[in-house]
Each structure stands twice: as C-alpha cells, then as structure tokens.
Amino acid sequence: MTGPEEQRTVTEVPTSRTTGQTSLDTAKPSRRGTWAKLDPLLRLLILTQLAFNVGFYAVLPFLAEHLGTAIGMAGWMVGFVLGLRTFSQQGLFVVGGALTDRYGVRPVVLAGCLLRIAGFAWLGYADETWSVVGAVLLIGFAAALFSPAVESEVARQAVVWEKSGGGPRTSVLALFTVAGQAGAFVGPLIGALLLAVDYRVVCLAGAGVFVLVLAGHVRLLPQHIPGRERVAVKGGLGGLLRNRRFLALCCAYGAYLLAYNQLYLLLPEEVERATGSQAALAWLFGLSSLLVVTAQLPVTRWVAERLDLRRSMTVGLLLIAVGFGVVGGALPAGWTGGAGLLPAAGFVVLLTVGQMLVAPAARAWVPDLAAEGRLGLYTGAMSSVSGLIVLVGSAGVGALMDAGVSGVVPWVVLAVVPVASVLLLPRGVRCRVRVRWGFSRSSPRP
C-alpha cells in the first residue's frame, strides 16, 4: 500500500462518463451472491461481527435506565459514563490496531473476548459508581482490542477481493454492516426479554455470548493470515498525525458517531417523555437494525452507481442532521402516546439511512489513506479520534439535559454538528482505476 498522496490501483471501478465520479462494479451485488463468493476467513469475520453485536446490544440499550434508576446516577453522570464507555472503546482502538499490526488478528481477538466476558460479568454485580466505571472501562477496552483487529482485516480482505475481480470493496463492507445490524436487531430483543428478570441476568447472558465467540475463534481463526505482514508496535504515529486528510475523515466520522450515540442518551429520554416508559425503545432499535439488514446492500448499490465516497458521506451526514431537526421541531407541540413516538421513529429512520451511507464509505476510504502496513493503526486511530469526540460531546449533551434548558436545545445543537462536519471531509485524493476491459485511467478519489 502506498502513501496517501500517491496514486493507487484498484479493480472493477469504472468511471461514469457523465459525472466523472468513481462508481462501483456494474454487476449488481446481492447479499446471497456476495456471501457465496467470499472465502472462509471473510465469512468468519462477518459472522464474528454478528455475534459481537448480539452480545453487546443485549446489554447496552438498557444501561442508561439501569444507571439512573438502580444506581441513582445524575443525568450528567449517566452521559459521562456512556461517553466513557465509548471513549474507552473507540478512544483506545488505536492501541488495538497497533497491536494487531504487530501480533496479528488471532491473539488480539481472543484477548478482547476474555476481557469482554469479565467486563459484562463485573457490570452485572456492580452497584456503586466506581464499580460501574471500572466495568464499563473494561467492556470498552475489550472492544478496543477485538474490533480494530476484525475491522482492519475485513477492510484489507475487501481490497484483496476488489483487486481479484470479486467486486467492489464496499459490497463486502456493506455485508459486514448488515451482519452487525442483524446482531443489533436480535440483541435488544433478547435483552428486553431478560430484563423482565433482572439486569444482572442480561449482563451474564451477554458474557455467555462472548464465551461462545471465544470458543469458536480458538478453533477456527488462523494463527497467521496470508498477506498480513507484522510490523513494529512503535512508529507510524508521526506520519498519521501529519496526514491531514485522514484526520479530517476522523473528525467527520466522529460527528456521525456522536449522533449515533444519542440512541442511548437522548432517544431514551424522548421515548420516556412521549410514552411514560422506555418499553418502546427496543422496538425502535429493532426498526433501525431491520432497516439496515433489509436495505443496506440495495442502498450501497444505488449509491455506488451515483456517488463517490465523499458525496456518500455528505448526504448521510445531512440526513442525520435532518433527523435531529425532526424531533427538535416536533417537541414544542408536546405530542404524547403513539403520535409522540412518530418524531422519534423519524429520527431513527433518518439516522439509520445516514449510517448506511456514512459507515461503509468511511471504512472503504481508510485503506486509501493509510500508510503501508499500518491499516490496523489507521483503522484504530479513526475510532480513537471519534471516541474522544463522543466523550466530550456526550458529557456536553448530558449537561444540557441537566441544565433545565428547553428539551429542544440538545436536538438543535446536535443537528448542527453533522452539517458542520461536512466541511471537514477531505478532498483531492486520487487513485488509479483499472476497468474490466483491460486499460486504466485516472479518476478523482474523494
């Protein structure tokens, strides 16, 4: 892999004659067709994402209510703990990514699974603030190990897939997103059922899922993956910090992640305001996941034929901003009951469609900006920067919620953030494009 300023060669990416934009393979991918052509390693990694999210989303959507009611935390502290969980995960991705570059995927994934099991079990028995914080930090750091390992290898394998003529890399990354959202769909439903017993049971069930994941990877994940060269843990950070285009992408992705984190902070508050409880929350999470599972690949195909990566992220971020605006605009009406849930449902739909545009595009962009042999580091760094944004932003949102300001204010503020982040998206990166019929030409890479 060459440096971010150099031209690169990829395959199966014809350039539109009318727009001059980079488009994807003219063969339309489908979930079944893409899955059938994947090698066993990619299938394992995609199923790993599915299992990770089943365990994770069985626990997390109900954490805010548990902290506020069972533990008795103030609103700002709940926001801080949720942000701390995200930061300890996303913020430390750079560590997991660097360790993956040095030691390989297998040991980092297995260590992460062990820590996640311990963290969920600890959270189930934590009944004081310090104990909750410790459990949340352990849960986050576990993901900081296994997630960049899995995500960077999926991204690397997706580029290999593209270069071998299998199809566009975004089709693989979209399938990875679909698997994650399928897990995010099943997880909250399991958690809602177990919550009728006790939140401790929910946490122990989440730990049990990771016990199964650990056992499966001990048996199936290769010791060494062909083509992955290990590098020194030190080095590479200086070049990363000087890579302005990559850092700009990180900030824009962080704005998206801050918006997504409001599913766990602002959305529960709005659902409770509208209905008097959070019972509908699991169904809204289910709606989000179902949309991704059913529409991610068609949306990816449609976008690939019309938009480059930068424009895909731009449209996605603007849709997310509109979602916040829908709730902010409806709040003064004071709707409750079923009608009161409609703005929240609109927010979830727009946020989810925005996610479908932003997440695969951002992941597909990283290999074009990463230095040679440092894809794990760069994948982790994108999450680290965005995690810091979420930590600061979530604490700020929690403070707004406690400050006695109008409930409209946090929604309006968060509508502005994705709009502002569009201005940060990098420009001017170019790549070499080799088309199917055997010659090559240059086209702009966003």
# chains A, B, ... in the order shown; residues from 1 in each chain; ligands from 1
call {"tool": "residues_around", "arguments": {"residues": "Val159 (chain A)", "least_positions_apart": "4", "cutoff": "9 Å", "atoms": "only C-alpha atoms", "output": "PyMOL selection string"}}
result
chain A and resi 10+154-155+163-164+168-169+364+367
call {"tool": "select_by_dssp", "arguments": {"residues": "region 239-322 of chain A", "states": "helix (DSSP H, G or I)", "output": "NGL selection string"}}
result
:A and (239-241 or 244-261 or 266-275 or 281-304 or 309-322)
call {"tool": "residues_around", "arguments": {"residues": "Leu263 (chain A)", "least_positions_apart": "2", "cutoff": "10 Å", "atoms": "only C-alpha atoms", "output": "MDAnalysis selection string"}}
result
chainID A and resid 61 258:261 265:269 281 284:285 344 347:348 351
call {"tool": "residues_around", "arguments": {"residues": "Leu67 (chain A)", "least_positions_apart": "6", "cutoff": "10 Å", "atoms": "only C-alpha atoms", "output": "VMD selection string"}}
result
chain A and resid 73 to 75 77 to 79 81 to 82 127 to 129 132
call {"tool": "closest_residue", "arguments": {"among": "A:Leu145, A:Leu84, A:Leu173, A:Ala279", "to": "Ile46 (chain A)", "atoms": "only C-alpha atoms"}}
result
A:Leu173
call {"tool": "residues_around", "arguments": {"residues": "Leu237 (chain A)", "least_positions_apart": "6", "cutoff": "10 Å", "atoms": "only C-alpha atoms", "output": "list in words"}}
result
Val94, Ala98, Asn243, Arg374, Leu377, Tyr378 and Ala381 of chain A
call {"tool": "closest_residue", "arguments": {"among": "A:Ser171, A:Ala51, A:Glu305, A:Gly239", "to": "Val186 (chain A)", "atoms": "only C-alpha atoms"}}
result
A:Ala51
call {"tool": "residues_around", "arguments": {"residues": "region 408-412 of chain A", "least_positions_apart": "3", "cutoff": "12 Å", "atoms": "only C-alpha atoms", "output": "compact mmCIF listing (two decimals) with all heavy atoms, in the first residue's frame"}}
result
# COMPACT_ATOMS: atom_id res chain seq x y z
N ALA A 259 -23.62 11.43 16.91
CA ALA A 259 -25.05 11.37 16.60
C ALA A 259 -25.61 9.99 16.88
O ALA A 259 -26.68 9.85 17.50
CB ALA A 259 -25.28 11.74 15.13
N GLN A 262 -26.55 9.01 20.45
CA GLN A 262 -27.77 9.55 21.05
C GLN A 262 -28.90 8.53 21.06
O GLN A 262 -29.94 8.76 21.69
CB GLN A 262 -28.20 10.82 20.31
CG GLN A 262 -27.15 11.91 20.33
CD GLN A 262 -26.49 12.07 21.68
OE1 GLN A 262 -27.16 12.28 22.70
NE2 GLN A 262 -25.15 12.00 21.70
N LEU A 265 -28.74 7.96 24.71
CA LEU A 265 -28.83 9.07 25.65
C LEU A 265 -30.07 9.92 25.40
O LEU A 265 -30.98 9.97 26.23
CB LEU A 265 -27.56 9.92 25.57
CG LEU A 265 -27.43 11.06 26.58
CD1 LEU A 265 -27.53 10.53 28.00
CD2 LEU A 265 -26.10 11.79 26.39
N LEU A 266 -30.16 10.60 24.28
CA LEU A 266 -31.30 11.45 24.00
C LEU A 266 -32.56 10.66 23.66
O LEU A 266 -33.66 11.02 24.09
CB LEU A 266 -30.99 12.41 22.85
CG LEU A 266 -30.34 13.74 23.19
CD1 LEU A 266 -30.23 14.60 21.93
CD2 LEU A 266 -31.10 14.49 24.26
N LEU A 267 -32.41 9.61 22.87
CA LEU A 267 -33.60 8.86 22.43
C LEU A 267 -34.36 8.24 23.61
O LEU A 267 -35.59 8.35 23.66
CB LEU A 267 -33.21 7.79 21.41
CG LEU A 267 -34.39 6.99 20.85
CD1 LEU A 267 -35.35 7.88 20.07
CD2 LEU A 267 -33.89 5.84 19.97
N GLU A 269 -34.64 9.31 26.59
CA GLU A 269 -35.31 10.42 27.27
C GLU A 269 -36.56 10.84 26.50
O GLU A 269 -37.62 11.10 27.09
CB GLU A 269 -34.33 11.59 27.38
CG GLU A 269 -34.86 12.77 28.17
CD GLU A 269 -34.71 12.59 29.67
OE1 GLU A 269 -34.11 11.59 30.10
OE2 GLU A 269 -35.22 13.46 30.40
N GLU A 270 -36.46 10.90 25.18
CA GLU A 270 -37.60 11.31 24.35
C GLU A 270 -38.70 10.26 24.37
O GLU A 270 -39.89 10.59 24.44
CB GLU A 270 -37.12 11.57 22.92
CG GLU A 270 -38.22 11.79 21.89
CD GLU A 270 -39.12 12.98 22.21
OE1 GLU A 270 -38.76 13.81 23.07
OE2 GLU A 270 -40.20 13.07 21.59
N ILE A 320 -28.71 12.72 8.74
CA ILE A 320 -28.66 12.62 10.20
C ILE A 320 -29.05 13.94 10.85
O ILE A 320 -29.81 13.98 11.83
CB ILE A 320 -27.25 12.17 10.64
CG1 ILE A 320 -27.00 10.71 10.24
CG2 ILE A 320 -27.08 12.35 12.15
CD1 ILE A 320 -25.56 10.26 10.41
N ALA A 321 -28.57 15.04 10.28
CA ALA A 321 -28.93 16.36 10.81
C ALA A 321 -30.43 16.60 10.71
O ALA A 321 -31.05 17.13 11.65
CB ALA A 321 -28.17 17.45 10.04
N VAL A 322 -31.03 16.20 9.61
CA VAL A 322 -32.48 16.35 9.45
C VAL A 322 -33.22 15.53 10.50
O VAL A 322 -34.24 15.97 11.04
CB VAL A 322 -32.92 15.94 8.03
CG1 VAL A 322 -34.44 15.91 7.91
CG2 VAL A 322 -32.34 16.89 6.99
N GLY A 323 -32.70 14.34 10.83
CA GLY A 323 -33.32 13.51 11.85
C GLY A 323 -33.41 14.21 13.20
O GLY A 323 -34.44 14.18 13.88
N PHE A 324 -32.32 14.86 13.61
CA PHE A 324 -32.36 15.63 14.86
C PHE A 324 -33.34 16.79 14.75
O PHE A 324 -34.05 17.11 15.71
CB PHE A 324 -30.96 16.15 15.20
CG PHE A 324 -30.05 15.11 15.78
CD1 PHE A 324 -29.04 14.55 15.01
CD2 PHE A 324 -30.18 14.70 17.09
CE1 PHE A 324 -28.19 13.59 15.54
CE2 PHE A 324 -29.34 13.75 17.64
CZ PHE A 324 -28.34 13.19 16.86
N GLY A 325 -33.37 17.41 13.56
CA GLY A 325 -34.29 18.52 13.36
C GLY A 325 -35.75 18.11 13.45
O GLY A 325 -36.59 18.89 13.91
N VAL A 326 -36.07 16.89 13.03
CA VAL A 326 -37.45 16.40 13.10
C VAL A 326 -37.94 16.39 14.54
O VAL A 326 -39.04 16.87 14.86
CB VAL A 326 -37.56 15.00 12.47
CG1 VAL A 326 -38.88 14.34 12.83
CG2 VAL A 326 -37.42 15.09 10.96
N VAL A 327 -37.13 15.82 15.45
CA VAL A 327 -37.54 15.76 16.86
C VAL A 327 -37.54 17.16 17.46
O VAL A 327 -38.49 17.55 18.17
CB VAL A 327 -36.63 14.83 17.66
CG1 VAL A 327 -37.05 14.79 19.13
CG2 VAL A 327 -36.66 13.42 17.08
N GLY A 328 -36.50 17.95 17.19
CA GLY A 328 -36.44 19.29 17.73
C GLY A 328 -37.61 20.15 17.28
O GLY A 328 -38.16 20.95 18.07
N GLY A 329 -38.03 19.98 16.02
CA GLY A 329 -39.15 20.75 15.51
C GLY A 329 -40.49 20.31 16.07
O GLY A 329 -41.43 21.12 16.19
N ALA A 330 -40.60 19.02 16.44
CA ALA A 330 -41.88 18.50 16.92
C ALA A 330 -42.06 18.68 18.43
O ALA A 330 -43.20 18.67 18.91
CB ALA A 330 -41.99 17.01 16.58
N LEU A 331 -40.99 18.83 19.17
CA LEU A 331 -41.09 18.90 20.63
C LEU A 331 -42.01 20.01 21.15
O LEU A 331 -42.76 19.78 22.10
CB LEU A 331 -39.70 19.03 21.25
CG LEU A 331 -38.96 17.72 21.53
CD1 LEU A 331 -37.53 18.00 21.98
CD2 LEU A 331 -39.70 16.91 22.59
N PRO A 332 -41.97 21.22 20.57
CA PRO A 332 -42.87 22.25 21.10
C PRO A 332 -44.35 21.88 21.04
O PRO A 332 -45.15 22.41 21.82
CB PRO A 332 -42.57 23.46 20.19
CG PRO A 332 -41.16 23.24 19.73
CD PRO A 332 -41.06 21.77 19.55
N ALA A 333 -44.73 20.97 20.15
CA ALA A 333 -46.13 20.56 20.06
C ALA A 333 -46.54 19.70 21.25
O ALA A 333 -47.74 19.58 21.55
CB ALA A 333 -46.37 19.80 18.76
N GLY A 334 -45.56 19.06 21.92
CA GLY A 334 -45.86 18.29 23.12
C GLY A 334 -46.66 17.03 22.89
O GLY A 334 -47.39 16.58 23.78
N PRO A 343 -42.06 11.37 15.85
CA PRO A 343 -40.79 12.06 15.60
C PRO A 343 -39.58 11.21 15.96
O PRO A 343 -38.56 11.23 15.25
CB PRO A 343 -40.89 13.31 16.50
CG PRO A 343 -42.34 13.53 16.68
CD PRO A 343 -42.95 12.15 16.73
N ALA A 344 -39.67 10.46 17.08
CA ALA A 344 -38.56 9.59 17.46
C ALA A 344 -38.32 8.52 16.41
O ALA A 344 -37.17 8.20 16.06
CB ALA A 344 -38.84 8.94 18.82
N PHE A 347 -36.60 10.12 13.51
CA PHE A 347 -35.18 10.29 13.83
C PHE A 347 -34.41 9.00 13.61
O PHE A 347 -33.34 8.99 13.00
CB PHE A 347 -35.03 10.77 15.27
CG PHE A 347 -33.65 10.62 15.84
CD1 PHE A 347 -32.61 11.43 15.40
CD2 PHE A 347 -33.38 9.66 16.79
CE1 PHE A 347 -31.34 11.31 15.91
CE2 PHE A 347 -32.10 9.51 17.32
CZ PHE A 347 -31.08 10.33 16.88
N GLY A 393 -18.61 15.24 23.62
CA GLY A 393 -19.95 15.60 23.17
C GLY A 393 -21.05 15.03 24.04
O GLY A 393 -22.04 15.71 24.35
N SER A 394 -20.91 13.78 24.47
CA SER A 394 -21.94 13.15 25.30
C SER A 394 -22.03 13.81 26.66
O SER A 394 -23.13 14.00 27.20
CB SER A 394 -21.66 11.66 25.46
OG SER A 394 -21.82 10.98 24.23
N ALA A 395 -20.88 14.15 27.25
CA ALA A 395 -20.91 14.85 28.53
C ALA A 395 -21.59 16.21 28.37
O ALA A 395 -22.36 16.65 29.24
CB ALA A 395 -19.50 15.02 29.07
N GLY A 396 -21.33 16.87 27.24
CA GLY A 396 -21.97 18.14 26.98
C GLY A 396 -23.48 18.01 26.81
O GLY A 396 -24.25 18.84 27.33
N VAL A 397 -23.91 16.97 26.11
CA VAL A 397 -25.34 16.74 25.94
C VAL A 397 -25.99 16.44 27.29
O VAL A 397 -27.08 16.95 27.61
CB VAL A 397 -25.60 15.59 24.94
CG1 VAL A 397 -27.08 15.22 24.90
CG2 VAL A 397 -25.13 15.98 23.55
N GLY A 398 -25.34 15.62 28.10
CA GLY A 398 -25.87 15.32 29.43
C GLY A 398 -25.98 16.56 30.29
O GLY A 398 -26.96 16.74 31.03
N ALA A 399 -24.99 17.47 30.17
CA ALA A 399 -25.04 18.72 30.93
C ALA A 399 -26.21 19.59 30.47
O ALA A 399 -26.88 20.22 31.29
CB ALA A 399 -23.72 19.47 30.78
N LEU A 400 -26.45 19.63 29.16
CA LEU A 400 -27.60 20.38 28.64
C LEU A 400 -28.91 19.82 29.18
O LEU A 400 -29.84 20.56 29.53
CB LEU A 400 -27.62 20.34 27.12
CG LEU A 400 -26.65 21.26 26.37
CD1 LEU A 400 -26.73 21.01 24.88
CD2 LEU A 400 -26.95 22.72 26.67
N MET A 401 -28.99 18.49 29.27
CA MET A 401 -30.21 17.86 29.78
C MET A 401 -30.44 18.19 31.24
O MET A 401 -31.59 18.27 31.70
CB MET A 401 -30.13 16.34 29.56
CG MET A 401 -30.11 15.93 28.10
SD MET A 401 -29.65 14.19 27.85
CE MET A 401 -31.07 13.36 28.56
N ASP A 402 -29.37 18.39 32.01
CA ASP A 402 -29.48 18.69 33.44
C ASP A 402 -29.64 20.19 33.72
O ASP A 402 -29.97 20.57 34.83
CB ASP A 402 -28.23 18.20 34.19
CG ASP A 402 -28.30 16.71 34.48
OD1 ASP A 402 -29.40 16.13 34.33
OD2 ASP A 402 -27.27 16.13 34.84
N ALA A 403 -29.36 21.02 32.70
CA ALA A 403 -29.28 22.47 32.93
C ALA A 403 -30.64 23.14 32.98
O ALA A 403 -30.72 24.34 33.24
CB ALA A 403 -28.43 23.12 31.84
N GLY A 404 -31.69 22.40 32.71
CA GLY A 404 -33.01 22.99 32.76
C GLY A 404 -33.38 23.78 31.52
O GLY A 404 -34.39 24.50 31.52
N VAL A 405 -32.58 23.68 30.44
CA VAL A 405 -32.92 24.37 29.20
C VAL A 405 -34.06 23.63 28.51
O VAL A 405 -34.41 22.50 28.88
CB VAL A 405 -31.70 24.45 28.25
CG1 VAL A 405 -30.57 25.21 28.91
CG2 VAL A 405 -31.23 23.05 27.86
N ALA A 415 -28.19 18.76 15.66
CA ALA A 415 -28.48 18.87 14.24
C ALA A 415 -27.40 19.68 13.52
O ALA A 415 -27.10 19.44 12.35
CB ALA A 415 -29.85 19.51 14.03
N VAL A 416 -26.80 20.63 14.23
CA VAL A 416 -25.77 21.48 13.63
C VAL A 416 -24.46 20.72 13.43
O VAL A 416 -23.73 20.95 12.46
CB VAL A 416 -25.54 22.73 14.52
CG1 VAL A 416 -24.35 23.55 14.01
CG2 VAL A 416 -26.81 23.58 14.54
N VAL A 417 -24.15 19.79 14.35
CA VAL A 417 -22.84 19.12 14.33
C VAL A 417 -22.59 18.36 13.02
O VAL A 417 -21.53 18.53 12.40
CB VAL A 417 -22.70 18.19 15.55
CG1 VAL A 417 -21.43 17.33 15.44
CG2 VAL A 417 -22.66 19.01 16.84
N PRO A 418 -23.51 17.49 12.53
CA PRO A 418 -23.23 16.80 11.27
C PRO A 418 -23.10 17.75 10.08
O PRO A 418 -22.30 17.49 9.17
CB PRO A 418 -24.44 15.87 11.10
CG PRO A 418 -25.05 15.75 12.45
CD PRO A 418 -24.78 17.05 13.12
N VAL A 419 -23.88 18.83 10.09
CA VAL A 419 -23.78 19.80 8.99
C VAL A 419 -22.39 20.43 8.97
O VAL A 419 -21.75 20.54 7.92
CB VAL A 419 -24.86 20.89 9.14
CG1 VAL A 419 -24.67 21.97 8.08
CG2 VAL A 419 -26.25 20.30 9.04
call {"tool": "residues_around", "arguments": {"residues": "Ile117 (chain A)", "least_positions_apart": "2", "cutoff": "9 Å", "atoms": "only C-alpha atoms", "output": "ChimeraX atom specification"}}
result
/A:112-115,119-122,139,142,204,206-211
call {"tool": "closest_residue", "arguments": {"among": "A:Leu92, A:Ala359, A:Leu63, A:Val105", "to": "Phe141 (chain A)", "atoms": "only C-alpha atoms"}}
result
A:Leu92
call {"tool": "closest_residue", "arguments": {"among": "A:Thr170, A:Asn53, A:Ser421, A:Ser406", "to": "Cys250 (chain A)", "atoms": "only C-alpha atoms"}}
result
A:Ser421
call {"tool": "atom_distance", "arguments": {"atom1": "CA of Ala182 (chain A)", "atom2": "CA of Pro360 (chain A)"}}
result
15.6 Å
call {"tool": "atom_distance", "arguments": {"atom1": "CA of Leu425 (chain A)", "atom2": "CA of Val150 (chain A)"}}
result
25.1 Å
call {"tool": "closest_residue", "arguments": {"among": "A:Phe62, A:Tyr256, A:Trp161, A:Phe52", "to": "Leu193 (chain A)", "atoms": "only C-alpha atoms"}}
result
A:Phe62
call {"tool": "decode", "arguments": {"residues": "region 383-398 of chain A", "atoms": "N, CA, C and O atoms", "output": "CSV table (one decimal), in the first residue's frame"}}
result
chain,number,residue,atom,x,y,z
A,383,SER,N,-11.3,5.4,15.0
A,383,SER,CA,-12.2,5.2,16.1
A,383,SER,C,-11.7,6.0,17.3
A,383,SER,O,-12.6,6.4,18.1
A,384,SER,N,-10.4,6.1,17.5
A,384,SER,CA,-9.9,6.8,18.7
A,384,SER,C,-10.3,8.3,18.7
A,384,SER,O,-10.8,8.8,19.7
A,385,VAL,N,-10.1,8.9,17.5
A,385,VAL,CA,-10.4,10.3,17.4
A,385,VAL,C,-11.9,10.5,17.6
A,385,VAL,O,-12.4,11.4,18.3
A,386,SER,N,-12.7,9.7,16.9
A,386,SER,CA,-14.1,9.8,17.0
A,386,SER,C,-14.6,9.5,18.4
A,386,SER,O,-15.6,10.1,18.9
A,387,GLY,N,-13.9,8.6,19.1
A,387,GLY,CA,-14.3,8.3,20.5
A,387,GLY,C,-14.1,9.5,21.4
A,387,GLY,O,-14.9,9.7,22.3
A,388,LEU,N,-13.0,10.2,21.2
A,388,LEU,CA,-12.8,11.4,22.0
A,388,LEU,C,-13.9,12.4,21.8
A,388,LEU,O,-14.4,13.1,22.7
A,389,ILE,N,-14.3,12.6,20.5
A,389,ILE,CA,-15.4,13.5,20.2
A,389,ILE,C,-16.7,13.1,20.9
A,389,ILE,O,-17.4,13.9,21.4
A,390,VAL,N,-16.9,11.8,20.9
A,390,VAL,CA,-18.1,11.3,21.6
A,390,VAL,C,-18.1,11.5,23.1
A,390,VAL,O,-19.1,11.9,23.7
A,391,LEU,N,-16.9,11.3,23.7
A,391,LEU,CA,-16.7,11.5,25.2
A,391,LEU,C,-17.1,13.0,25.5
A,391,LEU,O,-17.9,13.2,26.4
A,392,VAL,N,-16.5,13.9,24.8
A,392,VAL,CA,-16.7,15.3,25.1
A,392,VAL,C,-18.2,15.7,24.8
A,392,VAL,O,-18.9,16.4,25.5
A,393,GLY,N,-18.6,15.2,23.6
A,393,GLY,CA,-19.9,15.6,23.2
A,393,GLY,C,-21.0,15.0,24.0
A,393,GLY,O,-22.0,15.7,24.3
A,394,SER,N,-20.9,13.8,24.5
A,394,SER,CA,-21.9,13.2,25.3
A,394,SER,C,-22.0,13.8,26.7
A,394,SER,O,-23.1,14.0,27.2
A,395,ALA,N,-20.9,14.1,27.3
A,395,ALA,CA,-20.9,14.9,28.5
A,395,ALA,C,-21.6,16.2,28.4
A,395,ALA,O,-22.4,16.6,29.2
A,396,GLY,N,-21.3,16.9,27.2
A,396,GLY,CA,-22.0,18.1,27.0
A,396,GLY,C,-23.5,18.0,26.8
A,396,GLY,O,-24.3,18.8,27.3
A,397,VAL,N,-23.9,17.0,26.1
A,397,VAL,CA,-25.3,16.7,25.9
A,397,VAL,C,-26.0,16.4,27.3
A,397,VAL,O,-27.1,16.9,27.6
A,398,GLY,N,-25.3,15.6,28.1
A,398,GLY,CA,-25.9,15.3,29.4
A,398,GLY,C,-26.0,16.6,30.3
A,398,GLY,O,-27.0,16.7,31.0
